[in-house]
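Data block below; observations after.
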Amino acid sequence: MLTPIPLEEFDASCGDINEVVSLPPATFTSQEFYDFEMDAVFGHEWLCIGRATDIPNKGDYFSVDALGEQLLVVRQADGSVRVQSNVCRHRAMKLVQGSGNARRFKCDYHSWVYGLDGELQSAPDLNDNPCFVKSSVKLPEIRSEIWENFVFITFDPDIPPLADRLSNLSSYLTNWGLSDLKSSSPLTYFPVNCNWKIFGDECYHCAHLHSKSWCPMYDTASERIDYDSLANEPEKGIIAYDLMSLDKDLSPTRTGKNLQPVLPNLTDDQRRRLVYVTVAPNLLLIAMPDKVKYFTWLPTGPTTSVFAATWLYPDSTLAKPSFEEEWKMEVEDLKEVMVEDVYAWESVQKGMFSRNAPRGRYAPSEIVLVRLNEWLINKYRTADAKARGVEVVGAAEPAGV
């Protein structure tokens, strides 16, 4: 598809943080641009849809709707994870809702039955029909890859393996033991009335929007922010920054400290950091001294999305008798922060429809948004060039302060 917004309009959003401005408002409101972006970015990238640790046993599954595709993620008999269509091959009815454990999947409409591997096992009135080849029917498989026990999918058969892209990030997060951490609660998406790009993470707003929620809990007096975190690889869509403190084991709780045991392999330096990493286009990790939080989102239209978050801990923490009470307390402590974020996201979306919607300047601490914009704009340029049958002129250099 060709971009409905001329590529030259994006030039002002790339370059020096002291000069660039935000993306054109139409990129947040236009159906035509949304259709282009879904192909240019989401149609040709790896997307996070959950955790393999949430389905540890044979027959465990969860379902998710992504970009109009209804997906079923299933733990197979051999221990592998398969992502397949959640749509019956007969009349396209959705097979399952939510999550659970099953020996097989039966469509409620006409009782077509599929194995865990998607093979059709039974089709009433057709099983013995010589004109019906049951063995030829199978739920289509979606290309997937497991990284640190996160499940990623792609609709692009030619995109390079995900592990290559995220190898440096794996090394940076080694001491957090990310692969072994388990969810404290199921991942549940909720609708938000905003374009997916508005979720872009930055720390500029914290002292303002969250001045009465986050700030009283997390000591920012001695904090500094490292925008050149070694986890950063903006050209790969990995945009990171570290909150760094003089004291160890600080967390945004009513006590100002971790409520759970520190992850055992962290160095003293790592215990002074909160590591924020966006894996574009739809995953945010926050590595903390006692856990890793993750947030994921999926677009559902130019002005709507779904958003989900949960927290990851080692088994030893989840098994603590006091864990449930302490975890609920921490969730309650941070509830107001989430309410404030949703309020801001939806308010920004409304403002994008104004005839006076700005292309505003960026503050230095919004460098992470500029880096994300540049990654996106390179995707736009590549897709537009492909549609025109010409070679891409070159990628933008990652933004610097």
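Starting from 1 in every chain, residues are counted up; chains themselves are A, B, ... following the order of the structure tokens, and ligands are numbered from 1 as listed.
Residues within 8 Å of A:Glu340, counting only C-alpha atoms and excluding same-chain residues fewer than 3 positions away, are A:Leu209, A:His210, A:Glu336, A:Val337, A:Tyr343, A:Ala344.
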Any chance you could export the current selection's N, CA and C atoms as an mmCIF file, in the first residue's frame?
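That gives us part.cif:
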```
data_model
loop_
_atom_site.group_PDB
_atom_site.id
_atom_site.type_symbol
_atom_site.label_atom_id
_atom_site.label_comp_id
_atom_site.auth_asym_id
_atom_site.auth_seq_id
_atom_site.Cartn_x
_atom_site.Cartn_y
_atom_site.Cartn_z
ATOM 1 N N LEU A 209 1.783 14.240 35.471
ATOM 2 C CA LEU A 209 0.541 13.474 35.509
ATOM 3 C C LEU A 209 0.445 12.631 36.772
ATOM 4 N N HIS A 210 1.585 12.079 37.224
ATOM 5 C CA HIS A 210 1.597 11.164 38.370
ATOM 6 C C HIS A 210 2.184 11.806 39.632
ATOM 7 N N GLU A 336 -4.115 3.977 40.786
ATOM 8 C CA GLU A 336 -4.353 5.364 40.391
ATOM 9 C C GLU A 336 -3.433 5.780 39.242
ATOM 10 N N VAL A 337 -2.210 5.231 39.213
ATOM 11 C CA VAL A 337 -1.288 5.529 38.113
ATOM 12 C C VAL A 337 -1.898 5.072 36.792
ATOM 13 N N TYR A 343 -6.689 8.042 31.359
ATOM 14 C CA TYR A 343 -7.278 9.382 31.202
ATOM 15 C C TYR A 343 -6.464 10.218 30.214
ATOM 16 N N ALA A 344 -5.140 10.191 30.356
ATOM 17 C CA ALA A 344 -4.279 10.977 29.465
ATOM 18 C C ALA A 344 -4.323 10.444 28.038
#
```
Using only C-alpha atoms, find each residue in stretch 205-284 of chain A having at least one atom no more than 7 Å away from stretch 371-387 of chain A; report its shortest atom-to-atom pair and that distance in Å (one decimal), rows by chain then rising number, as JSON lines.
```
{"residue": "A:Pro234", "atom": "CA", "partner": "A:Arg371", "partner_atom": "CA", "distance": 6.0}
{"residue": "A:Glu235", "atom": "CA", "partner": "A:Trp375", "partner_atom": "CA", "distance": 6.2}
{"residue": "A:Gly237", "atom": "CA", "partner": "A:Trp375", "partner_atom": "CA", "distance": 5.9}
{"residue": "A:Ile239", "atom": "CA", "partner": "A:Leu372", "partner_atom": "CA", "distance": 6.9}
```
Give the answer as one residue: which of A:Val275, A:Val41, A:Leu72, A:Val306 has the shortest atom-to-atom distance to A:Cys88, using only C-alpha atoms? A:Leu72
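Look at A:Asp268: the protein and nucleic acid residues within 12 Å of it, using only C-alpha atoms and passing over chain neighbours fewer than 3 places away, are Asn175, Met244, Ser245, Leu246, Asp247, Lys248, Asp249, Val262, Leu263, Pro264, Asn265, Arg271, Arg272, Arg273 and Pro289 of chain A.
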Please save C-alpha atoms of the selected residues as an mmCIF file, in the first residue's frame.
```cif
data_model
loop_
_atom_site.group_PDB
_atom_site.id
_atom_site.type_symbol
_atom_site.label_atom_id
_atom_site.label_comp_id
_atom_site.auth_asym_id
_atom_site.auth_seq_id
_atom_site.Cartn_x
_atom_site.Cartn_y
_atom_site.Cartn_z
ATOM 1 C CA ASN A 175 20.292 -11.757 35.618
ATOM 2 C CA MET A 244 18.860 4.831 38.373
ATOM 3 C CA SER A 245 18.896 5.556 42.095
ATOM 4 C CA LEU A 246 21.557 5.859 44.800
ATOM 5 C CA ASP A 247 19.655 3.351 46.936
ATOM 6 C CA LYS A 248 18.999 -0.308 46.232
ATOM 7 C CA ASP A 249 15.648 -2.043 45.933
ATOM 8 C CA VAL A 262 15.054 -9.432 45.377
ATOM 9 C CA LEU A 263 15.718 -11.580 42.319
ATOM 10 C CA PRO A 264 18.709 -13.696 43.353
ATOM 11 C CA ASN A 265 21.176 -13.036 40.524
ATOM 12 C CA ARG A 271 19.237 -3.455 42.178
ATOM 13 C CA ARG A 272 19.458 0.326 41.780
ATOM 14 C CA ARG A 273 17.768 0.276 38.360
ATOM 15 C CA PRO A 289 14.660 -5.634 41.597
#
```
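For the atom pair formed by atom CA of A:Arg75 and atom CA of A:Leu312, the distance is 19.8 Å, given to one decimal.
Of the listed residues A:Ser316, A:Ser122, A:Thr188, A:Ser13, the one whose atoms come nearest to A:Ser63 is A:Thr188, with distances taken using only C-alpha atoms.
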